[in-house]
Structures are given as structure tokens and as C-alpha cells.
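First the structure, in the form of C-alpha cells, and then the observations on it.
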Amino acid sequence: MSPCFQAQWCKAMNGGQLIFKMLLKDNKKDDFRRMFCEYYPKLVRFAVQLTGDADEGRDVVADVMEKAWERFDLLRPADRGSWLYMCVRNACINRLKHIKTENCAAAELAEVTKADAESEYRDHERLLSRVEAVAEGLGEPARSIVRLCYYEHLTRRQAAERLGISYDTVKKHIAKALKLLREAVGKETNYER
């Protein structure tokens, strides 16, 4: 086996078992080896030009050479070169279309996700504005209790101590404030508990 054939075939097929299949038939093997040595470097250059990626180009040519081995008996010697170039061109076009489709799908997914996140953010901001408006409309001491417990994150006991009122009064005012908030938010979002 020529060094040219061994080195390039092993690179193309990553040392796979196709080498052993190929060695089974001597005449076919010799003809294929000659064809491979003649066309492999040219086909790789051609595929790299089409895909713009050396690894992708070698993968395409390896796939085409595997097809060529499987169909080698059916290929007329005069047609082999044009058949190889045609297969490489078509395989490159198919891969580029596949990559383009994947990129388009990824871009569409990113756009939809972004739009969805922006929509959810706007809805959330609108809801927060409504809650703040309702909280500001509460009378005293309910407004101060809501501010201390939900904006300053104090416990109900801490809010009661700071305002100098009983814990039970804080609980009562929070319950009334939450009821008003649920009603106001429920009307706006059509959500009722």
C-alpha cells in the first residue's frame, strides 16, 4: 500500500474499520487507492473553499469517499472524478443549508425568548406600579406597616415595635392591605382567588 494512500485514508476515515473492508478486494483496492491518492487532496481543497472550514471540508470528503467505496463497482472510471466533485459539492451545499437552518432556528429562538422576557418584564413592572399605587392609597397606619414589612423587609414584630403599636394591630392592617391589593390586582389581571 502506498504511503500516500495510507496516510490520507487514515486521516480521512480516522483509522476506522472501513480500511479493512477496503482491503478485501485487491483489484478494487488498487483502483480505489489510485483514485483516492489522485482526488483526495483536490477534493479537500474544493470542500474547504465551499464550506470555509478545514475540518468540515475533510469530513465532507471522508463521507464522499466512503460512498465512493460502497459504489465503486458501479462507477465508470471515466466518470469517477466528476462524480466525486459533484458529491462533494452537493454534500457541502447540504451541510451549509443545515448550518444555516440551525443558525436561523437559534436566532428565532433567541428573538422569541427576548420578546417573551421583555413582555413579562413590562407586565411585571405594570403590576408593581399598580401595587405601589394601591399601597400609597392606604390610610395610616396600614401604609406605614406595608412599607416597613414589604419594602424594608422588617418582621411584623419589628414593625409593631417601631410604630409603637401591638403585633395584633399590625397583623390586622396587613390582612386588610393584602385583601385590597388582591382585589385591585385581580381586577386588572382578571385573577381572582
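Naming scheme: A, B, ... for chains in displayed order of the C-alpha cells; residues 1 onward per chain; ligands 1 onward as shown.
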
Write out, as a Markdown table, each residue of range 111-134 of chain A that has an atom at most 12 Å from range 171-178 of chain A, together with the closest pair of atoms and their distance in Å to one decimal, counting only C-alpha atoms, rows going by chain and rising number.
| residue | atom | partner | partner_atom | distance |
| --- | --- | --- | --- | --- |
| A:Val131 | CA | A:Leu178 | CA | 9.9 |
| A:Glu132 | CA | A:Ala177 | CA | 11.6 |
| A:Val134 | CA | A:Ala177 | CA | 8.7 |

* Please identify all polymer residues within 12 Å of Ala78 in chain A, counting only C-alpha atoms, omitting same-chain residues fewer than 5 positions from it, and present them as a PyMOL selection string. => chain A and resi 35+83-84

* Structure fact -> Students should find that CA of Arg156 in chain A and CA of Ala135 in chain A are spaced 16.7 Å

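Taking CA of Trp69 in chain A and CA of Asp31 in chain A as the two end points, the separation is 10.4 Å.
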
* **Who sits within 12 Å of Glu140 in chain A, only C-alpha atoms, same chain under 2 positions skipped, as a ChimeraX atom specification** => /A:135-138,142-147,163,169-170,173-174,177

Written selection (C-alpha atoms) as a compact mmCIF listing (two decimals), in the first residue's frame:
# COMPACT_ATOMS: atom_id res chain seq x y z
CA ALA A 135 -50.29 50.76 48.83
CA GLU A 136 -49.92 54.55 48.65
CA GLY A 137 -53.71 54.88 48.77
CA LEU A 138 -53.92 53.06 52.08
CA ALA A 142 -51.64 50.48 57.12
CA ARG A 143 -49.44 52.36 54.62
CA SER A 144 -46.53 52.54 57.09
CA ILE A 145 -46.95 48.90 58.07
CA VAL A 146 -46.87 47.74 54.40
CA ARG A 147 -43.81 49.94 53.74
CA LEU A 163 -44.56 52.15 65.19
CA THR A 169 -52.80 45.54 65.07
CA VAL A 170 -50.00 45.03 62.55
CA HIS A 173 -53.72 46.02 58.98
CA ILE A 174 -51.60 43.70 56.81
CA ALA A 177 -54.00 45.74 52.93

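The list of residues with at least one atom within 12 Å of range 89-102 of chain A, based on only C-alpha atoms and without residues fewer than 5 positions apart in the same chain, reads Leu43, Val44, Arg45, Phe46, Ala47, Val48, Gln49, Leu50, Thr51, Gly52, Asp53, Ala54, Glu56, Gly57, Arg58, Asp59, Val60, Val61, Ala62, Asp63, Val64, Met65, Lys67, Ser82, Trp83, Leu84, Ala107, Glu108 and Leu109 of chain A.
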
Print the selection's residues with N, CA and C atoms to a file, as a CSV table (one decimal), in the first residue's frame.
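Listing of part.csv after writing:
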chain,number,residue,atom,x,y,z
A,43,LEU,N,-10.1,17.3,-3.6
A,43,LEU,CA,-11.5,17.4,-3.1
A,43,LEU,C,-11.5,18.1,-1.7
A,44,VAL,N,-10.5,17.9,-0.9
A,44,VAL,CA,-10.4,18.6,0.4
A,44,VAL,C,-10.3,20.1,0.1
A,45,ARG,N,-9.4,20.5,-0.8
A,45,ARG,CA,-9.3,21.9,-1.1
A,45,ARG,C,-10.6,22.5,-1.6
A,46,PHE,N,-11.3,21.7,-2.5
A,46,PHE,CA,-12.6,22.2,-3.0
A,46,PHE,C,-13.6,22.3,-1.9
A,47,ALA,N,-13.7,21.3,-1.0
A,47,ALA,CA,-14.7,21.4,0.1
A,47,ALA,C,-14.4,22.5,1.0
A,48,VAL,N,-13.1,22.8,1.3
A,48,VAL,CA,-12.7,23.8,2.2
A,48,VAL,C,-13.1,25.2,1.6
A,49,GLN,N,-12.9,25.3,0.3
A,49,GLN,CA,-13.3,26.5,-0.4
A,49,GLN,C,-14.8,26.8,-0.3
A,50,LEU,N,-15.6,25.7,-0.4
A,50,LEU,CA,-17.0,25.8,-0.4
A,50,LEU,C,-17.6,26.1,1.1
A,51,THR,N,-17.0,25.4,2.0
A,51,THR,CA,-17.5,25.5,3.4
A,51,THR,C,-16.8,26.6,4.2
A,52,GLY,N,-15.6,26.9,3.9
A,52,GLY,CA,-14.8,27.8,4.6
A,52,GLY,C,-14.3,27.3,5.9
A,53,ASP,N,-14.3,26.0,6.1
A,53,ASP,CA,-13.8,25.3,7.3
A,53,ASP,C,-13.1,24.1,6.9
A,54,ALA,N,-11.8,24.0,7.4
A,54,ALA,CA,-11.0,22.8,7.0
A,54,ALA,C,-11.5,21.5,7.6
A,56,GLU,N,-14.6,20.8,8.5
A,56,GLU,CA,-15.8,20.5,7.8
A,56,GLU,C,-15.5,19.9,6.4
A,57,GLY,N,-14.6,20.5,5.7
A,57,GLY,CA,-14.2,20.1,4.4
A,57,GLY,C,-13.7,18.6,4.4
A,58,ARG,N,-12.8,18.3,5.3
A,58,ARG,CA,-12.3,17.0,5.4
A,58,ARG,C,-13.4,16.0,5.8
A,59,ASP,N,-14.3,16.4,6.7
A,59,ASP,CA,-15.5,15.5,7.0
A,59,ASP,C,-16.3,15.2,5.8
A,60,VAL,N,-16.6,16.2,5.0
A,60,VAL,CA,-17.4,16.0,3.8
A,60,VAL,C,-16.7,15.1,2.8
A,61,VAL,N,-15.4,15.3,2.6
A,61,VAL,CA,-14.7,14.4,1.7
A,61,VAL,C,-14.6,13.0,2.2
A,62,ALA,N,-14.4,12.8,3.5
A,62,ALA,CA,-14.4,11.5,4.1
A,62,ALA,C,-15.7,10.7,3.8
A,63,ASP,N,-16.8,11.5,4.0
A,63,ASP,CA,-18.1,10.9,3.8
A,63,ASP,C,-18.3,10.5,2.3
A,64,VAL,N,-17.9,11.4,1.4
A,64,VAL,CA,-18.0,11.1,0.0
A,64,VAL,C,-17.1,9.9,-0.4
A,65,MET,N,-15.9,9.8,0.1
A,65,MET,CA,-15.0,8.7,-0.2
A,65,MET,C,-15.6,7.4,0.3
A,67,LYS,N,-18.8,6.8,0.5
A,67,LYS,CA,-19.8,6.5,-0.5
A,67,LYS,C,-19.2,5.9,-1.8
A,82,SER,N,-15.7,13.4,-11.9
A,82,SER,CA,-16.9,14.3,-11.9
A,82,SER,C,-17.9,13.9,-10.9
A,83,TRP,N,-18.0,12.5,-10.7
A,83,TRP,CA,-19.0,12.1,-9.7
A,83,TRP,C,-18.5,12.5,-8.3
A,84,LEU,N,-17.2,12.4,-8.0
A,84,LEU,CA,-16.7,12.8,-6.7
A,84,LEU,C,-16.9,14.3,-6.5
A,107,ALA,N,-31.5,31.8,16.1
A,107,ALA,CA,-31.8,33.2,16.1
A,107,ALA,C,-33.2,33.5,16.4
A,108,GLU,N,-34.1,32.7,15.8
A,108,GLU,CA,-35.5,32.8,16.1
A,108,GLU,C,-35.9,32.5,17.5
A,109,LEU,N,-35.3,31.5,18.1
A,109,LEU,CA,-35.5,31.1,19.5
A,109,LEU,C,-35.0,32.3,20.4

Apply DSSP to the backbone of this structure and, from range 57-162 of chain A, keep only the residues in alpha helix (DSSP H); write these as a short mmCIF file (atom, residue, chain, number, x, y, z; two decimals) with N, CA and C atoms, in the first residue's frame.
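Once everything was written out, this is selection.cif:
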data_model
loop_
_atom_site.label_atom_id
_atom_site.label_comp_id
_atom_site.auth_asym_id
_atom_site.auth_seq_id
_atom_site.Cartn_x
_atom_site.Cartn_y
_atom_site.Cartn_z
N GLY A 57 -14.59 20.54 5.72
CA GLY A 57 -14.21 20.07 4.38
C GLY A 57 -13.69 18.64 4.40
N ARG A 58 -12.82 18.33 5.35
CA ARG A 58 -12.30 16.95 5.45
C ARG A 58 -13.41 15.97 5.78
N ASP A 59 -14.34 16.38 6.66
CA ASP A 59 -15.46 15.49 7.00
C ASP A 59 -16.32 15.19 5.76
N VAL A 60 -16.58 16.22 4.98
CA VAL A 60 -17.38 16.03 3.76
C VAL A 60 -16.69 15.06 2.82
N VAL A 61 -15.41 15.26 2.59
CA VAL A 61 -14.67 14.40 1.66
C VAL A 61 -14.60 12.97 2.20
N ALA A 62 -14.42 12.81 3.49
CA ALA A 62 -14.39 11.46 4.08
C ALA A 62 -15.72 10.75 3.83
N ASP A 63 -16.83 11.47 4.02
CA ASP A 63 -18.14 10.88 3.77
C ASP A 63 -18.31 10.50 2.29
N VAL A 64 -17.85 11.37 1.42
CA VAL A 64 -17.96 11.10 -0.02
C VAL A 64 -17.09 9.91 -0.41
N MET A 65 -15.89 9.83 0.15
CA MET A 65 -15.00 8.69 -0.17
C MET A 65 -15.61 7.39 0.33
N GLU A 66 -16.29 7.44 1.46
CA GLU A 66 -16.95 6.24 1.95
C GLU A 66 -18.05 5.81 0.98
N LYS A 67 -18.82 6.77 0.49
CA LYS A 67 -19.85 6.48 -0.52
C LYS A 67 -19.21 5.93 -1.79
N ALA A 68 -18.09 6.53 -2.16
CA ALA A 68 -17.40 6.09 -3.38
C ALA A 68 -16.95 4.64 -3.22
N TRP A 69 -16.47 4.27 -2.06
CA TRP A 69 -16.04 2.89 -1.83
C TRP A 69 -17.22 1.94 -1.95
N GLU A 70 -18.36 2.35 -1.36
CA GLU A 70 -19.55 1.49 -1.41
C GLU A 70 -20.08 1.33 -2.84
N ARG A 80 -15.64 8.85 -12.58
CA ARG A 80 -15.34 8.91 -11.15
C ARG A 80 -15.01 10.32 -10.66
N GLY A 81 -14.15 11.01 -11.37
CA GLY A 81 -13.74 12.36 -10.94
C GLY A 81 -14.93 13.32 -10.87
N SER A 82 -15.72 13.35 -11.93
CA SER A 82 -16.86 14.27 -11.94
C SER A 82 -17.89 13.86 -10.88
N TRP A 83 -18.05 12.54 -10.69
CA TRP A 83 -18.98 12.07 -9.67
C TRP A 83 -18.50 12.51 -8.28
N LEU A 84 -17.20 12.38 -8.02
CA LEU A 84 -16.66 12.79 -6.72
C LEU A 84 -16.87 14.29 -6.49
N TYR A 85 -16.53 15.11 -7.47
CA TYR A 85 -16.71 16.56 -7.33
C TYR A 85 -18.19 16.92 -7.12
N MET A 86 -19.06 16.26 -7.86
CA MET A 86 -20.48 16.53 -7.73
C MET A 86 -20.96 16.16 -6.31
N CYS A 87 -20.53 15.02 -5.83
CA CYS A 87 -20.93 14.57 -4.49
C CYS A 87 -20.40 15.52 -3.41
N VAL A 88 -19.15 15.95 -3.57
CA VAL A 88 -18.57 16.89 -2.59
C VAL A 88 -19.34 18.21 -2.62
N ARG A 89 -19.60 18.71 -3.82
CA ARG A 89 -20.34 19.97 -3.94
C ARG A 89 -21.72 19.85 -3.29
N ASN A 90 -22.44 18.79 -3.60
CA ASN A 90 -23.78 18.60 -3.04
C ASN A 90 -23.74 18.43 -1.52
N ALA A 91 -22.76 17.68 -1.05
CA ALA A 91 -22.64 17.47 0.40
C ALA A 91 -22.32 18.80 1.10
N CYS A 92 -21.46 19.62 0.50
CA CYS A 92 -21.14 20.92 1.08
C CYS A 92 -22.37 21.82 1.11
N ILE A 93 -23.12 21.82 0.02
CA ILE A 93 -24.34 22.63 -0.02
C ILE A 93 -25.32 22.17 1.05
N ASN A 94 -25.47 20.85 1.18
CA ASN A 94 -26.38 20.31 2.20
C ASN A 94 -25.94 20.69 3.60
N ARG A 95 -24.64 20.60 3.87
CA ARG A 95 -24.14 20.98 5.20
C ARG A 95 -24.34 22.46 5.47
N LEU A 96 -24.07 23.29 4.46
CA LEU A 96 -24.24 24.73 4.63
C LEU A 96 -25.72 25.08 4.87
N LYS A 97 -26.61 24.40 4.15
CA LYS A 97 -28.05 24.62 4.38
C LYS A 97 -28.43 24.20 5.78
N HIS A 98 -27.89 23.07 6.22
CA HIS A 98 -28.18 22.58 7.57
C HIS A 98 -27.68 23.57 8.62
N ILE A 99 -26.48 24.06 8.43
CA ILE A 99 -25.91 25.04 9.38
C ILE A 99 -26.75 26.32 9.37
N LYS A 100 -27.15 26.76 8.17
CA LYS A 100 -27.97 27.97 8.06
C LYS A 100 -29.30 27.76 8.77
N THR A 101 -29.91 26.60 8.60
CA THR A 101 -31.18 26.30 9.25
C THR A 101 -31.01 26.29 10.77
N GLU A 102 -29.94 25.68 11.24
CA GLU A 102 -29.68 25.66 12.69
C GLU A 102 -29.48 27.08 13.22
N ASN A 103 -28.72 27.90 12.48
CA ASN A 103 -28.47 29.27 12.91
C ASN A 103 -29.76 30.09 12.91
N CYS A 104 -30.59 29.90 11.88
CA CYS A 104 -31.87 30.62 11.82
C CYS A 104 -32.78 30.21 12.98
N ALA A 105 -32.82 28.91 13.25
CA ALA A 105 -33.64 28.42 14.35
C ALA A 105 -33.14 28.98 15.68
N ALA A 106 -31.83 29.02 15.86
CA ALA A 106 -31.26 29.57 17.10
C ALA A 106 -31.56 31.06 17.21
N ALA A 107 -31.46 31.79 16.10
CA ALA A 107 -31.76 33.23 16.12
C ALA A 107 -33.23 33.47 16.42
N GLU A 108 -34.11 32.68 15.80
CA GLU A 108 -35.54 32.83 16.07
C GLU A 108 -35.86 32.52 17.53
N LEU A 109 -35.25 31.48 18.07
CA LEU A 109 -35.47 31.13 19.47
C LEU A 109 -34.99 32.26 20.38
N ALA A 110 -33.83 32.82 20.07
CA ALA A 110 -33.31 33.93 20.88
C ALA A 110 -34.24 35.14 20.80
N GLU A 111 -34.76 35.43 19.61
CA GLU A 111 -35.66 36.57 19.43
C GLU A 111 -36.97 36.37 20.20
N VAL A 112 -37.53 35.18 20.09
CA VAL A 112 -38.78 34.89 20.79
C VAL A 112 -38.57 34.94 22.30
N THR A 113 -37.46 34.38 22.76
CA THR A 113 -37.16 34.39 24.19
C THR A 113 -36.99 35.82 24.69
N LYS A 114 -36.28 36.64 23.90
CA LYS A 114 -36.07 38.03 24.28
C LYS A 114 -37.41 38.78 24.33
N ALA A 115 -38.24 38.59 23.30
CA ALA A 115 -39.54 39.26 23.26
C ALA A 115 -40.41 38.81 24.43
N ASP A 116 -40.36 37.52 24.73
CA ASP A 116 -41.14 36.98 25.84
C ASP A 116 -40.66 37.57 27.16
N ALA A 117 -39.35 37.64 27.34
CA ALA A 117 -38.79 38.20 28.58
C ALA A 117 -39.15 39.67 28.71
N GLU A 118 -39.06 40.42 27.60
CA GLU A 118 -39.43 41.84 27.64
C GLU A 118 -40.90 42.01 27.97
N SER A 119 -41.74 41.17 27.40
CA SER A 119 -43.17 41.22 27.68
C SER A 119 -43.46 40.93 29.14
N GLU A 120 -42.83 39.88 29.65
CA GLU A 120 -43.00 39.54 31.06
C GLU A 120 -42.48 40.65 31.96
N TYR A 121 -41.38 41.28 31.58
CA TYR A 121 -40.82 42.38 32.37
C TYR A 121 -41.80 43.55 32.40
N ARG A 122 -42.38 43.91 31.24
CA ARG A 122 -43.33 45.02 31.18
C ARG A 122 -44.56 44.70 32.02
N ASP A 123 -45.06 43.46 31.92
CA ASP A 123 -46.22 43.06 32.74
C ASP A 123 -45.89 43.15 34.23
N HIS A 124 -44.71 42.69 34.58
CA HIS A 124 -44.27 42.73 35.98
C HIS A 124 -44.17 44.17 36.48
N GLU A 125 -43.58 45.04 35.67
CA GLU A 125 -43.45 46.46 36.05
C GLU A 125 -44.82 47.11 36.20
N ARG A 126 -45.74 46.82 35.29
CA ARG A 126 -47.09 47.37 35.36
C ARG A 126 -47.78 46.91 36.64
N LEU A 127 -47.63 45.64 36.97
CA LEU A 127 -48.23 45.09 38.18
C LEU A 127 -47.63 45.73 39.43
N LEU A 128 -46.30 45.89 39.44
CA LEU A 128 -45.66 46.54 40.58
C LEU A 128 -46.13 47.98 40.75
N SER A 129 -46.28 48.68 39.65
CA SER A 129 -46.77 50.06 39.71
C SER A 129 -48.18 50.10 40.30
N ARG A 130 -49.01 49.16 39.89
CA ARG A 130 -50.39 49.10 40.41
C ARG A 130 -50.37 48.79 41.91
N VAL A 131 -49.54 47.86 42.34
CA VAL A 131 -49.44 47.51 43.76
C VAL A 131 -48.96 48.72 44.55
N GLU A 132 -47.96 49.43 44.05
CA GLU A 132 -47.45 50.61 44.75
C GLU A 132 -48.51 51.69 44.85
N ALA A 133 -49.31 51.87 43.78
CA ALA A 133 -50.37 52.88 43.81
C ALA A 133 -51.42 52.52 44.86
N VAL A 134 -51.79 51.26 44.92
CA VAL A 134 -52.77 50.82 45.92
C VAL A 134 -52.19 50.99 47.32
N ALA A 135 -50.93 50.64 47.51
CA ALA A 135 -50.29 50.76 48.83
C ALA A 135 -50.24 52.23 49.26
N GLU A 136 -49.96 53.12 48.32
CA GLU A 136 -49.92 54.55 48.65
C GLU A 136 -51.31 55.09 49.00
N ALA A 142 -51.80 51.59 58.07
CA ALA A 142 -51.64 50.48 57.12
C ALA A 142 -50.52 50.76 56.11
N ARG A 143 -50.47 52.01 55.59
CA ARG A 143 -49.44 52.36 54.62
C ARG A 143 -48.04 52.19 55.22
N SER A 144 -47.84 52.66 56.43
CA SER A 144 -46.53 52.54 57.09
C SER A 144 -46.19 51.09 57.38
N ILE A 145 -47.19 50.32 57.77
CA ILE A 145 -46.95 48.90 58.07
C ILE A 145 -46.53 48.15 56.80
N VAL A 146 -47.21 48.39 55.68
CA VAL A 146 -46.87 47.74 54.40
C VAL A 146 -45.46 48.15 53.99
N ARG A 156 -43.12 41.49 61.31
CA ARG A 156 -44.31 42.15 61.86
C ARG A 156 -44.04 42.65 63.28
N ARG A 157 -43.31 41.90 64.05
CA ARG A 157 -42.95 42.32 65.41
C ARG A 157 -42.08 43.58 65.38
N GLN A 158 -41.10 43.59 64.48
CA GLN A 158 -40.22 44.77 64.37
C GLN A 158 -41.01 46.00 63.92
N ALA A 159 -41.96 45.83 62.99
CA ALA A 159 -42.80 46.95 62.55
C ALA A 159 -43.66 47.45 63.71
N ALA A 160 -44.21 46.53 64.48
CA ALA A 160 -45.04 46.92 65.63
C ALA A 160 -44.21 47.72 66.64
N GLU A 161 -42.99 47.27 66.92
CA GLU A 161 -42.12 47.98 67.87
C GLU A 161 -41.76 49.37 67.34
N ARG A 162 -41.42 49.46 66.07
CA ARG A 162 -41.02 50.74 65.50
C ARG A 162 -42.18 51.75 65.51
#

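Between CA of Asp55 in chain A and CA of Phe32 in chain A there is a distance of 23.0 Å.
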
* Between A:Gly139, A:Lys42, A:His153, A:Asp168, single out the one closest to Leu180 in chain A, counting only C-alpha atoms. => A:Gly139
